[in-house]
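Coordinates as given in upload.txt (compact mmCIF, C-alpha atoms and all ligand atoms):
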```txt
# COMPACT_ATOMS: atom_id res chain seq x y z
CA MET A 13 -17.27 24.12 -11.24
CA GLU A 14 -17.30 20.51 -12.50
CA LEU A 15 -13.93 19.40 -13.87
CA TYR A 16 -15.40 16.61 -15.99
CA SER A 17 -18.85 15.65 -17.25
CA ALA A 18 -20.29 12.26 -16.27
CA ILE A 19 -20.79 9.57 -18.94
CA ASP A 20 -24.39 9.28 -20.12
CA TRP A 21 -25.25 5.64 -19.39
CA SER A 22 -28.90 5.80 -20.43
CA HIS A 23 -28.32 3.52 -23.48
CA ALA A 24 -26.85 0.85 -21.19
CA PHE A 25 -29.58 0.59 -18.56
CA ALA A 26 -32.05 -2.29 -18.65
CA PRO A 27 -35.62 -1.24 -19.54
CA ARG A 28 -36.73 -1.84 -15.92
CA MET A 29 -34.71 1.18 -14.82
CA GLU A 30 -37.16 3.37 -16.74
CA ARG A 31 -39.70 2.62 -14.04
CA MET A 32 -37.41 3.30 -11.12
CA ARG A 33 -37.64 6.84 -9.89
CA ALA A 34 -36.57 8.49 -6.66
CA SER A 35 -39.41 8.16 -4.20
CA GLU A 36 -41.13 11.48 -3.50
CA ILE A 37 -41.21 10.36 0.09
CA ARG A 38 -37.48 9.77 0.38
CA GLU A 39 -36.98 13.27 -1.01
CA LEU A 40 -39.41 14.65 1.54
CA LEU A 41 -37.60 12.91 4.37
CA LYS A 42 -34.79 15.39 3.82
CA LEU A 43 -37.16 18.02 5.19
CA LEU A 44 -37.14 16.27 8.53
CA ALA A 45 -33.66 17.66 9.06
CA ARG A 46 -34.93 21.27 8.87
CA PRO A 47 -35.97 22.18 12.42
CA GLU A 48 -38.34 24.95 11.37
CA ILE A 49 -40.53 22.48 9.42
CA ILE A 50 -43.29 20.57 11.18
CA SER A 51 -43.24 17.38 9.19
CA PHE A 52 -46.06 14.89 8.85
CA ALA A 53 -44.26 13.45 5.85
CA GLY A 54 -42.23 10.60 7.32
CA GLY A 55 -43.58 7.13 7.71
CA ILE A 56 -41.04 6.18 10.30
CA PRO A 57 -41.01 5.31 14.00
CA ASP A 58 -40.10 7.86 16.66
CA PRO A 59 -36.40 7.21 17.42
CA ALA A 60 -36.95 8.45 20.99
CA LEU A 61 -38.87 5.20 21.53
CA PHE A 62 -36.14 2.85 20.32
CA PRO A 63 -35.03 0.44 23.07
CA ILE A 64 -31.42 1.56 22.86
CA ASP A 65 -30.24 0.17 26.20
CA ALA A 66 -31.80 -3.21 25.51
CA VAL A 67 -30.22 -3.27 22.04
CA ARG A 68 -26.81 -2.41 23.48
CA ARG A 69 -27.15 -5.15 26.10
CA ALA A 70 -28.24 -7.67 23.46
CA TYR A 71 -25.23 -6.92 21.24
CA ASP A 72 -22.92 -7.24 24.26
CA LEU A 73 -24.44 -10.52 25.35
CA VAL A 74 -24.33 -12.06 21.88
CA LEU A 75 -20.76 -10.97 21.21
CA ALA A 76 -19.54 -12.01 24.66
CA ASP A 77 -21.06 -15.48 24.37
CA ARG A 78 -18.39 -18.11 23.61
CA GLU A 79 -20.51 -19.86 20.97
CA LEU A 80 -22.78 -17.11 19.68
CA GLY A 81 -20.02 -14.48 19.47
CA PRO A 82 -17.97 -16.05 16.67
CA ALA A 83 -21.10 -17.50 15.00
CA SER A 84 -22.70 -14.05 14.93
CA LEU A 85 -19.93 -12.75 12.68
CA GLN A 86 -19.97 -15.80 10.40
CA TYR A 87 -21.99 -16.63 7.27
CA SER A 88 -25.22 -18.43 8.11
CA ILE A 89 -28.13 -20.19 6.41
CA SER A 90 -30.40 -18.31 3.99
CA GLU A 91 -33.56 -19.37 5.85
CA GLY A 92 -32.45 -17.34 8.86
CA TYR A 93 -31.42 -17.91 12.49
CA GLU A 94 -33.38 -20.91 13.75
CA PRO A 95 -34.18 -19.60 17.27
CA LEU A 96 -35.53 -16.38 15.80
CA ARG A 97 -37.68 -18.34 13.35
CA LEU A 98 -38.94 -20.39 16.29
CA TRP A 99 -39.93 -17.21 18.16
CA ILE A 100 -41.69 -15.95 15.02
CA SER A 101 -43.55 -19.23 14.54
CA GLN A 102 -44.78 -18.92 18.15
CA TYR A 103 -45.76 -15.29 17.50
CA MET A 104 -47.68 -16.41 14.41
CA ALA A 105 -49.39 -19.09 16.53
CA ARG A 106 -50.53 -16.34 18.92
CA ARG A 107 -52.04 -14.69 15.85
CA GLY A 108 -53.92 -17.86 14.95
CA VAL A 109 -51.48 -19.38 12.44
CA THR A 110 -50.18 -22.84 13.31
CA CYS A 111 -46.82 -23.17 11.60
CA GLY A 112 -43.26 -24.40 12.09
CA THR A 113 -39.85 -22.85 11.54
CA GLU A 114 -39.85 -24.39 8.05
CA ASN A 115 -42.70 -21.99 7.20
CA ILE A 116 -40.57 -18.93 7.98
CA ILE A 117 -37.77 -17.18 6.09
CA ILE A 118 -35.99 -14.16 7.54
CA THR A 119 -35.71 -11.20 5.17
CA ALA A 120 -33.90 -7.85 5.31
CA GLY A 121 -37.03 -6.03 6.41
CA SER A 122 -40.37 -6.78 4.83
CA GLN A 123 -39.26 -4.60 1.91
CA GLN A 124 -36.88 -7.36 0.82
CA GLY A 125 -39.74 -9.81 1.29
CA LEU A 126 -41.77 -7.83 -1.27
CA ASP A 127 -38.85 -7.78 -3.69
CA LEU A 128 -38.29 -11.54 -3.37
CA LEU A 129 -42.00 -12.16 -3.92
CA GLY A 130 -41.92 -9.98 -7.01
CA LYS A 131 -38.98 -12.03 -8.25
CA LEU A 132 -40.85 -15.25 -7.48
CA PHE A 133 -44.12 -14.46 -9.20
CA LEU A 134 -43.84 -11.60 -11.68
CA ALA A 135 -42.75 -11.72 -15.31
CA ALA A 136 -42.83 -8.61 -17.51
CA GLY A 137 -46.40 -7.83 -18.55
CA ASP A 138 -48.02 -9.91 -15.80
CA ILE A 139 -50.83 -8.37 -13.82
CA ALA A 140 -50.29 -7.42 -10.18
CA LEU A 141 -53.48 -6.63 -8.31
CA VAL A 142 -53.00 -3.79 -5.85
CA SER A 143 -55.38 -1.46 -4.08
CA ALA A 144 -55.41 2.25 -4.80
CA PRO A 145 -53.90 3.87 -2.88
CA THR A 146 -51.30 1.38 -1.72
CA TYR A 147 -47.82 1.23 -0.20
CA LEU A 148 -45.41 3.00 -2.52
CA GLY A 149 -42.52 0.68 -1.62
CA ALA A 150 -44.53 -2.30 -2.88
CA LEU A 151 -45.13 -0.56 -6.21
CA GLN A 152 -41.39 0.11 -6.39
CA ALA A 153 -40.40 -3.45 -5.44
CA PHE A 154 -42.82 -5.08 -7.89
CA GLY A 155 -42.10 -2.41 -10.54
CA ALA A 156 -38.61 -3.84 -11.12
CA TYR A 157 -40.27 -6.98 -12.53
CA GLU A 158 -42.29 -4.88 -15.00
CA PRO A 159 -45.87 -5.90 -14.18
CA ARG A 160 -49.01 -4.04 -15.15
CA TYR A 161 -51.05 -2.93 -12.19
CA LEU A 162 -54.75 -3.46 -11.97
CA ILE A 163 -56.64 -1.90 -9.14
CA LEU A 164 -58.17 -4.25 -6.67
CA THR A 165 -61.31 -3.38 -4.75
CA PRO A 166 -61.50 -6.31 -2.36
CA GLU A 167 -65.05 -5.49 -1.29
CA SER A 168 -66.51 -5.71 -4.81
CA SER A 169 -67.11 -8.58 -7.20
CA GLN A 170 -64.70 -6.80 -9.56
CA ALA A 171 -61.82 -8.77 -8.00
CA ARG A 172 -63.38 -12.02 -9.19
CA THR A 173 -63.77 -10.68 -12.73
CA ILE A 174 -60.15 -9.58 -12.90
CA CYS A 175 -58.82 -12.84 -11.51
CA GLN A 176 -60.78 -14.73 -14.14
CA GLU A 177 -59.66 -12.47 -16.97
CA THR A 178 -56.71 -14.11 -18.66
CA ALA A 179 -56.89 -12.52 -22.12
CA GLY A 180 -55.28 -9.33 -20.82
CA GLY A 181 -52.35 -11.19 -19.26
CA ARG A 182 -51.64 -13.54 -16.38
CA VAL A 183 -52.78 -12.38 -12.96
CA ALA A 184 -49.60 -13.19 -11.07
CA LEU A 185 -50.25 -11.88 -7.58
CA ALA A 186 -52.52 -9.80 -5.39
CA TYR A 187 -51.14 -7.49 -2.69
CA VAL A 188 -52.92 -6.02 0.33
CA VAL A 189 -52.02 -4.21 3.55
CA PRO A 190 -55.03 -5.31 5.59
CA ASP A 191 -54.22 -3.64 8.94
CA PHE A 192 -53.81 0.13 9.40
CA ALA A 193 -52.63 0.44 5.83
CA ASN A 194 -49.94 2.71 4.59
CA PRO A 195 -51.10 5.23 3.42
CA THR A 196 -54.75 5.30 4.52
CA GLY A 197 -54.63 3.88 8.06
CA GLU A 198 -57.66 1.76 7.16
CA THR A 199 -58.25 -1.87 8.12
CA MET A 200 -60.05 -4.49 6.03
CA GLY A 201 -63.00 -6.16 7.73
CA GLU A 202 -63.20 -9.93 8.05
CA ALA A 203 -65.85 -10.28 5.34
CA ALA A 204 -63.62 -8.47 2.83
CA ARG A 205 -60.66 -10.65 3.84
CA ARG A 206 -62.66 -13.84 3.43
CA GLY A 207 -64.07 -12.65 0.11
CA LEU A 208 -60.63 -11.89 -1.28
CA LEU A 209 -59.24 -15.19 -0.01
CA GLY A 210 -61.99 -17.13 -1.72
CA ILE A 211 -61.55 -15.33 -5.03
CA THR A 212 -57.76 -15.53 -5.15
CA ALA A 213 -57.73 -19.17 -3.98
CA GLU A 214 -60.23 -20.11 -6.68
CA ALA A 215 -58.16 -18.35 -9.34
CA GLY A 216 -54.84 -19.76 -8.05
CA VAL A 217 -53.46 -16.26 -7.48
CA PRO A 218 -50.96 -15.89 -4.60
CA LEU A 219 -52.13 -13.31 -2.06
CA ILE A 220 -49.42 -11.23 -0.40
CA GLU A 221 -50.46 -9.97 3.02
CA ASP A 222 -48.26 -7.09 4.16
CA ALA A 223 -48.70 -6.97 7.93
CA ALA A 224 -46.19 -4.18 8.64
CA TYR A 225 -48.48 -2.30 11.07
CA GLU A 226 -50.52 -5.18 12.46
CA ALA A 227 -49.02 -4.98 15.97
CA LEU A 228 -49.75 -1.26 16.32
CA ARG A 229 -53.40 -1.52 17.36
CA PHE A 230 -54.55 1.21 19.76
CA GLU A 231 -58.07 -0.07 20.39
CA GLY A 232 -60.69 -2.51 19.22
CA VAL A 233 -60.53 -6.25 18.67
CA PRO A 234 -57.61 -7.53 16.55
CA GLN A 235 -58.67 -8.77 13.13
CA ARG A 236 -57.63 -12.26 12.16
CA SER A 237 -54.92 -12.10 9.52
CA CYS A 238 -55.66 -13.25 5.97
CA LEU A 239 -53.17 -16.07 6.57
CA ALA A 240 -54.94 -17.20 9.76
CA LEU A 241 -58.31 -17.16 7.98
CA ASP A 242 -56.86 -19.05 5.05
CA VAL A 243 -55.21 -21.72 7.20
CA GLU A 244 -58.63 -22.25 8.75
CA ARG A 245 -60.24 -22.32 5.30
CA CYS A 246 -57.87 -24.82 3.73
CA GLY A 247 -56.86 -26.79 6.83
CA HIS A 248 -53.07 -26.37 6.82
CA ILE A 249 -50.53 -23.63 6.16
CA ASP A 250 -48.83 -25.78 3.54
CA ARG A 251 -52.02 -25.62 1.47
CA SER A 252 -52.45 -21.85 1.85
CA HIS A 253 -51.93 -19.41 -1.01
CA VAL A 254 -51.25 -16.47 1.37
CA LEU A 255 -47.73 -15.15 1.93
CA TYR A 256 -47.57 -13.10 5.10
CA CYS A 257 -44.84 -10.43 5.31
CA GLY A 258 -43.96 -9.43 8.86
CA THR A 259 -41.37 -7.02 10.22
CA PHE A 260 -39.70 -5.81 13.42
CA SER A 261 -39.25 -2.37 11.85
CA LYS A 262 -42.35 -0.75 13.29
CA THR A 263 -42.05 -2.33 16.73
CA ILE A 264 -38.36 -2.66 17.65
CA SER A 265 -36.16 -0.99 15.03
CA PRO A 266 -36.12 -0.51 11.26
CA GLY A 267 -32.34 -0.03 11.29
CA LEU A 268 -31.69 -3.66 12.20
CA ARG A 269 -33.41 -4.67 8.93
CA VAL A 270 -35.11 -7.85 10.09
CA GLY A 271 -38.45 -9.04 8.74
CA TRP A 272 -39.92 -12.36 7.69
CA ILE A 273 -42.24 -14.18 5.34
CA CYS A 274 -44.53 -16.88 6.71
CA ALA A 275 -46.02 -19.19 4.06
CA ALA A 276 -46.41 -22.73 2.77
CA ARG A 277 -43.20 -24.74 2.89
CA ASN A 278 -42.88 -25.18 -0.87
CA LEU A 279 -43.10 -21.40 -1.34
CA ILE A 280 -40.50 -20.83 1.40
CA HIS A 281 -38.16 -23.23 -0.43
CA LYS A 282 -38.37 -21.09 -3.56
CA LEU A 283 -37.90 -17.91 -1.54
CA VAL A 284 -34.76 -19.38 0.04
CA LEU A 285 -33.29 -19.73 -3.47
CA ALA A 286 -34.20 -16.14 -4.29
CA LYS A 287 -32.79 -14.91 -0.98
CA GLN A 288 -29.56 -16.83 -1.54
CA ALA A 289 -29.10 -15.15 -4.89
CA ALA A 290 -29.91 -11.72 -3.48
CA ASP A 291 -27.72 -11.54 -0.35
CA LEU A 292 -27.00 -15.09 0.94
CA HIS A 293 -28.66 -14.29 4.27
CA SER A 294 -29.63 -11.40 6.53
CA ALA A 295 -26.95 -10.16 8.94
CA THR A 296 -26.36 -13.00 11.42
CA LEU A 297 -25.52 -10.68 14.29
CA ASN A 298 -28.69 -8.63 13.85
CA GLN A 299 -30.84 -11.75 13.75
CA MET A 300 -29.29 -12.99 17.00
CA VAL A 301 -29.78 -9.60 18.63
CA LEU A 302 -33.36 -9.44 17.42
CA HIS A 303 -33.96 -12.88 18.88
CA ARG A 304 -32.77 -11.67 22.31
CA LEU A 305 -34.92 -8.54 22.03
CA ALA A 306 -37.97 -10.47 20.87
CA THR A 307 -37.73 -12.92 23.77
CA SER A 308 -37.10 -10.21 26.36
CA ILE A 309 -38.86 -6.94 25.53
CA TYR A 310 -41.24 -7.44 22.57
CA ASP A 311 -44.56 -7.15 24.38
CA ASP A 312 -43.44 -4.28 26.62
CA GLN A 313 -41.99 -2.41 23.67
CA VAL A 314 -45.20 -2.77 21.65
CA ALA A 315 -47.26 -1.62 24.65
CA LYS A 316 -45.00 1.43 25.03
CA ILE A 317 -45.21 2.61 21.44
CA VAL A 318 -48.91 1.86 21.09
CA LYS A 319 -49.58 4.14 24.06
CA VAL A 320 -47.54 7.02 22.62
CA TYR A 321 -48.76 6.72 19.02
CA GLY A 322 -52.34 6.24 20.15
CA ALA A 323 -52.20 9.52 22.11
CA ARG A 324 -50.70 11.29 19.07
CA ARG A 325 -53.41 9.87 16.82
CA ASP A 326 -56.00 11.28 19.25
CA VAL A 327 -54.39 14.72 19.18
CA MET A 328 -54.21 14.74 15.38
CA PHE A 329 -57.76 13.55 15.03
CA ASP A 330 -59.12 16.16 17.45
CA ALA A 331 -57.12 18.90 15.77
CA LEU A 332 -58.46 17.90 12.33
CA VAL A 333 -62.01 18.02 13.65
CA ARG A 334 -61.45 21.52 15.02
CA GLN A 335 -59.23 23.01 12.32
CA MET A 336 -60.33 21.65 8.94
CA PRO A 337 -62.97 23.46 6.95
CA ASP A 338 -66.04 21.75 5.52
CA GLY A 339 -65.35 19.70 2.42
CA VAL A 340 -62.22 18.08 3.89
CA SER A 341 -62.55 14.50 5.19
CA TRP A 342 -60.17 11.97 6.76
CA THR A 343 -59.90 8.37 7.86
CA GLU A 344 -60.24 7.31 11.50
CA PRO A 345 -57.53 4.64 11.96
CA MET A 346 -57.51 2.43 15.06
CA GLY A 347 -53.77 1.86 14.80
CA GLY A 348 -50.66 2.35 12.69
CA MET A 349 -49.04 5.65 11.84
CA PHE A 350 -51.21 7.48 9.31
CA ILE A 351 -54.35 9.50 8.72
CA TRP A 352 -55.45 9.95 5.11
CA VAL A 353 -57.02 13.25 4.16
CA THR A 354 -59.26 13.88 1.16
CA LEU A 355 -59.57 17.47 -0.04
CA PRO A 356 -62.25 18.91 -2.31
CA VAL A 357 -61.50 17.65 -5.85
CA HIS A 358 -60.20 20.95 -7.19
CA LEU A 359 -57.38 21.12 -4.60
CA ASP A 360 -54.13 19.46 -5.64
CA GLY A 361 -52.08 17.84 -2.86
CA ALA A 362 -48.73 18.45 -4.55
CA GLU A 363 -49.48 22.16 -5.08
CA LEU A 364 -50.72 22.40 -1.53
CA LEU A 365 -47.45 20.92 -0.28
CA THR A 366 -45.39 23.60 -2.04
CA ALA A 367 -47.57 26.30 -0.50
CA SER A 368 -47.61 24.55 2.85
CA ILE A 369 -43.83 24.43 3.14
CA ARG A 370 -43.42 28.00 1.95
CA GLU A 371 -46.28 29.66 3.82
CA GLU A 372 -46.75 27.51 6.92
CA GLY A 373 -43.63 25.39 7.36
CA VAL A 374 -45.63 22.15 7.34
CA ALA A 375 -44.79 19.04 5.28
CA PHE A 376 -46.88 15.98 4.37
CA VAL A 377 -46.96 13.52 1.48
CA PRO A 378 -49.26 14.32 -1.44
CA GLY A 379 -51.41 11.24 -1.98
CA ARG A 380 -50.93 10.75 -5.71
CA ALA A 381 -47.63 8.92 -5.18
CA PHE A 382 -49.56 6.03 -3.67
CA PHE A 383 -51.79 5.43 -6.68
CA ALA A 384 -50.64 2.98 -9.36
CA ASP A 385 -53.19 4.58 -11.72
CA GLY A 386 -52.18 8.24 -11.22
CA ASN A 387 -55.36 9.17 -9.33
CA GLY A 388 -55.60 10.73 -5.89
CA CYS A 389 -54.46 14.27 -6.73
CA ASN A 390 -56.71 15.67 -3.99
CA THR A 391 -55.40 13.47 -1.19
CA LEU A 392 -52.66 13.69 1.46
CA ARG A 393 -51.02 11.36 3.92
CA LEU A 394 -50.37 12.64 7.43
CA ASN A 395 -48.03 10.76 9.74
CA TYR A 396 -48.42 11.16 13.49
CA SER A 397 -45.75 8.80 14.86
CA LEU A 398 -42.90 11.28 14.63
CA GLN A 399 -44.27 14.56 15.99
CA SER A 400 -44.87 15.57 19.59
CA GLU A 401 -48.47 16.20 20.59
CA ALA A 402 -47.75 19.96 20.68
CA GLY A 403 -46.19 19.77 17.19
CA ILE A 404 -49.23 17.93 15.87
CA GLU A 405 -51.62 20.49 17.36
CA GLU A 406 -49.61 23.39 15.92
CA GLY A 407 -49.01 21.76 12.51
CA ILE A 408 -52.63 20.77 11.92
CA GLY A 409 -53.69 24.28 12.95
CA ARG A 410 -51.38 25.76 10.33
CA LEU A 411 -52.47 23.26 7.69
CA GLY A 412 -56.12 23.92 8.46
CA ARG A 413 -55.57 27.66 8.03
CA LEU A 414 -53.78 27.11 4.72
CA ILE A 415 -56.46 24.82 3.28
CA THR A 416 -59.11 27.23 4.42
CA ARG A 417 -57.37 30.12 2.67
CA LYS A 418 -57.17 28.04 -0.49
CA LEU A 419 -60.82 27.11 -0.29
CA THR A 420 -62.69 30.13 0.87
CA GLY A 421 -60.33 33.01 1.44
CA ALA A 422 -60.66 35.19 4.51
CA MET A 423 -64.35 34.44 5.13
CA TRP A 424 -63.68 31.08 6.71
CA ARG A 425 -64.49 30.16 10.30
CA PRO A 426 -63.22 26.83 11.63
CA ARG A 427 -65.56 24.03 12.60
CA GLY A 428 -66.13 24.17 16.33
CA HIS A 429 -65.25 27.87 16.24
CA SER A 430 -68.17 28.77 18.45
CA ARG A 431 -67.34 25.93 20.84
CA LEU A 432 -63.88 27.33 21.29
CA GLY A 433 -65.15 30.86 21.62
C1 LIG B 1 -46.87 -1.19 4.33
C2 LIG B 1 -45.39 -1.33 4.48
N1 LIG B 1 -44.82 -2.48 4.14
C3 LIG B 1 -43.50 -2.66 4.24
C4 LIG B 1 -42.67 -1.65 4.68
C5 LIG B 1 -41.21 -1.91 4.72
O1 LIG B 1 -40.73 -1.99 6.02
P1 LIG B 1 -39.42 -2.77 6.42
O2 LIG B 1 -38.70 -3.18 5.19
O3 LIG B 1 -38.64 -1.82 7.24
O4 LIG B 1 -39.91 -3.96 7.19
C6 LIG B 1 -43.22 -0.42 5.04
C7 LIG B 1 -42.34 0.67 5.49
O5 LIG B 1 -42.71 1.79 5.63
C8 LIG B 1 -44.61 -0.25 4.93
O6 LIG B 1 -45.20 0.90 5.24
```

Show me, as structure tokens, the structure contained in the file I just sent.
Ligand SMILES: Cc1ncc(COP(=O)(O)O)c(C=O)c1O
Amino acid sequence: MELYSAIDWSHAFAPRMERMRASEIRELLKLLARPEIISFAGGIPDPALFPIDAVRRAYDLVLADRELGPASLQYSISEGYEPLRLWISQYMARRGVTCGTENIIITAGSQQGLDLLGKLFLAAGDIALVSAPTYLGALQAFGAYEPRYLILTPESSQARTICQETAGGRVALAYVVPDFANPTGETMGEAARRGLLGITAEAGVPLIEDAAYEALRFEGVPQRSCLALDVERCGHIDRSHVLYCGTFSKTISPGLRVGWICAARNLIHKLVLAKQAADLHSATLNQMVLHRLATSIYDDQVAKIVKVYGARRDVMFDALVRQMPDGVSWTEPMGGMFIWVTLPVHLDGAELLTASIREEGVAFVPGRAFFADGNGCNTLRLNYSLQSEAGIEEGIGRLGRLITRKLTGAMWRPRGHSRLG
């Protein structure tokens, strides 16, 4: 029994808090702790693949070093640890972006990058162009600055119309996840990237490129990033209107909370001010450790996880082909962590989740959470980075049976039924 009742503070909160709600996904993550549930809900790396020994060695080396040890526990500059920024600038150069350390700021994960960019560009009522569906965390980060969302379809001329429309409010930024997007797993083609760059450059709208999954390519030729294409278009990074958000979360570890923004110097200067106000700087020790890890194991680590996730993607894809009834479709990502499923329109993803947990012990994320405009009721996001291949096979089998029951009752036969005998 409660001994006292909490004070109702609702009158005291700023209006922006109205828009801040607990993420459905964070709530779903709690299900990961229940061993009987096969969860495709998380969007997180497999902890079994974390380079724990290398991380332990890196902490030991940094702390034991006569100069780095004390410095690692001290305050440091808001821009971030210079050697780490140098490594990142060389990484960006490998990705076709010529830049210097002055074009990089270290952030506490790319999530903080999105928040700082919201702070930089958005005033209440401004328009933020986002695709639908898009990364929920971006909607949450920008939401604090009270924008209105308009849906961006990079492939269509609609983007140009919106960018030119000023009567309805200022178009303050555009946001895309061009590679293996969360939640769809899809990748923008080069023509769409170039089209969007041209339109946003012409309209003077900053383009935020969230490259969280870019390194997790299983096959095919890497796409050139929007930033790389734009540097080529305008001749120099300091003239580019693209702000590239990178992260070590999907490759090395999300727990270390180290990401970066790569952009024109004058934009980095403003971001440094915003970063200073937010948290002074990212943890010095973690930046130094990340620098050691980046210089020693980055490529091997990426190769290791790409192999494992790629095999899991294959298993999930094959299982979907075999187990899903007609009328259900899905994306075919070449990297990242997600497959996006579209159900027949009359099936609701959120209702399906309730039934799925109760009847089949399988969790996923209903797709509607990823739509700024409330659409997408008949969609789901499936994550394959966190389940074993056997778990994926079993879970998709159960999900397929459930969807089939919902659609056609007992008369259903799976696709490929005859092939399997
Ligand atoms: C598209 C996208 N961007 C950014 C992030 C944030 O990652 P972090 O802050 O760990 O770099 C995530 C995390 O899931 C994501 O999916």

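Our summary of the geometry notes that atom CA of A:Val233 is positioned 20.9 Å from atom CA of A:Arg245.
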
Tell me which residues come within 9 Å of (-52.4, 26.3, 3.2), as an NGL selection string, counting all atoms listed in the file in the file's coordinates.
:A and (364-365 or 367-369 or 371-372 or 374 or 410-418)

With C-alpha atoms retained, write the just-selected residues as a PDB file, keeping the file's coordinate frame.
```pdb
ATOM      1  CA  LEU A 364     -50.720  22.400  -1.530  1.00  0.00           C
ATOM      2  CA  LEU A 365     -47.450  20.920  -0.280  1.00  0.00           C
ATOM      3  CA  ALA A 367     -47.570  26.300  -0.500  1.00  0.00           C
ATOM      4  CA  SER A 368     -47.610  24.550   2.850  1.00  0.00           C
ATOM      5  CA  ILE A 369     -43.830  24.430   3.140  1.00  0.00           C
ATOM      6  CA  GLU A 371     -46.280  29.660   3.820  1.00  0.00           C
ATOM      7  CA  GLU A 372     -46.750  27.510   6.920  1.00  0.00           C
ATOM      8  CA  VAL A 374     -45.630  22.150   7.340  1.00  0.00           C
ATOM      9  CA  ARG A 410     -51.380  25.760  10.330  1.00  0.00           C
ATOM     10  CA  LEU A 411     -52.470  23.260   7.690  1.00  0.00           C
ATOM     11  CA  GLY A 412     -56.120  23.920   8.460  1.00  0.00           C
ATOM     12  CA  ARG A 413     -55.570  27.660   8.030  1.00  0.00           C
ATOM     13  CA  LEU A 414     -53.780  27.110   4.720  1.00  0.00           C
ATOM     14  CA  ILE A 415     -56.460  24.820   3.280  1.00  0.00           C
ATOM     15  CA  THR A 416     -59.110  27.230   4.420  1.00  0.00           C
ATOM     16  CA  ARG A 417     -57.370  30.120   2.670  1.00  0.00           C
ATOM     17  CA  LYS A 418     -57.170  28.040  -0.490  1.00  0.00           C
TER      18      LYS A 418
END
```

Determine, for each residue of chain A having at least one atom at most 6 Å from an atom of ligand LIG 1 (chain B), the closest pair of atoms and their separation in Å to one decimal, counting all atoms listed in the file; order by chain and ascending number, as JSON lines.
```
{"residue": "A:Gly55", "atom": "CA", "partner": "B:LIG1", "partner_atom": "O5", "distance": 5.8}
{"residue": "A:Gly121", "atom": "CA", "partner": "B:LIG1", "partner_atom": "O2", "distance": 3.5}
{"residue": "A:Ser122", "atom": "CA", "partner": "B:LIG1", "partner_atom": "O4", "distance": 3.7}
{"residue": "A:Gln123", "atom": "CA", "partner": "B:LIG1", "partner_atom": "O2", "distance": 3.6}
{"residue": "A:Tyr147", "atom": "CA", "partner": "B:LIG1", "partner_atom": "C1", "distance": 5.2}
{"residue": "A:Asn194", "atom": "CA", "partner": "B:LIG1", "partner_atom": "C1", "distance": 5.0}
{"residue": "A:Asp222", "atom": "CA", "partner": "B:LIG1", "partner_atom": "N1", "distance": 5.8}
{"residue": "A:Ala224", "atom": "CA", "partner": "B:LIG1", "partner_atom": "N1", "distance": 5.0}
{"residue": "A:Thr259", "atom": "CA", "partner": "B:LIG1", "partner_atom": "O4", "distance": 4.5}
{"residue": "A:Ser261", "atom": "CA", "partner": "B:LIG1", "partner_atom": "O3", "distance": 4.7}
{"residue": "A:Pro266", "atom": "CA", "partner": "B:LIG1", "partner_atom": "O3", "distance": 4.9}
{"residue": "A:Gly271", "atom": "CA", "partner": "B:LIG1", "partner_atom": "O4", "distance": 5.5}
```

Could you give me, as JSON lines, every stretch 211-278 of chain A residue with an atom at most 10 Å from stretch 349-359 of chain A, plus its closest atom pair and distance in Å to one decimal, counting only C-alpha atoms, rows ordered by chain then number?
```
{"residue": "A:Tyr225", "atom": "CA", "partner": "A:Met349", "partner_atom": "CA", "distance": 8.0}
{"residue": "A:Leu228", "atom": "CA", "partner": "A:Met349", "partner_atom": "CA", "distance": 8.3}
{"residue": "A:Lys262", "atom": "CA", "partner": "A:Met349", "partner_atom": "CA", "distance": 9.4}
```

May I have a table of the residues of stretch 70-116 of chain A lying at most 12 Å from stretch 304-316 of chain A, giving each one's closest pair of atoms and their distance in Å to one decimal, counting only C-alpha atoms, ordered by chain and ascending residue number, as a tab-separated table?
```
residue	atom	partner	partner_atom	distance
A:Ala70	CA	A:Arg304	CA	6.2
A:Tyr71	CA	A:Arg304	CA	9.0
A:Asp72	CA	A:Arg304	CA	11.0
A:Leu73	CA	A:Arg304	CA	8.9
A:Val74	CA	A:Arg304	CA	8.5
A:Leu80	CA	A:Arg304	CA	11.7
A:Tyr93	CA	A:Arg304	CA	11.7
A:Pro95	CA	A:Arg304	CA	9.5
A:Leu96	CA	A:Ala306	CA	8.2
A:Arg97	CA	A:Ala306	CA	10.9
A:Leu98	CA	A:Thr307	CA	10.6
A:Trp99	CA	A:Thr307	CA	7.4
A:Ile100	CA	A:Ala306	CA	8.8
A:Gln102	CA	A:Thr307	CA	10.8
A:Tyr103	CA	A:Ala306	CA	9.8
```

With a distance cut-off of 9 Å and only C-alpha atoms, select the neighbouring residues of stretch 130-142 of chain A, excluding the residue or stretch itself and same-chain residues fewer than 6 positions from it, and output the selection as a ChimeraX atom specification.
/A:151,153-165,171,174-175,180-188,218,279,282-283,286,384

Near A:Leu239, counting only C-alpha atoms, which residues have an atom at most 12 Å away, once you skip same-chain residues fewer than 5 positions from it, shown as an MDAnalysis selection string?
chainID A and resid 104:105 107:111 188 190 202 205:206 208:209 213 218:223 244:258 273:276

If we count all atoms listed in the file, what is near A:Gly322 at a cut-off of 9 Å, once residues fewer than 6 positions away on the same chain are taken out, given as a VMD selection string?
chain A and resid 228 to 231 346 to 349 397

Nearest residue to A:Arg269 out of A:Ala193, A:Ala203, A:Ala290, A:Ile118, using all atoms listed in the file?
A:Ile118

From atom CA of A:Asp65 to atom CA of A:Gln86 the spacing works out at 24.7 Å
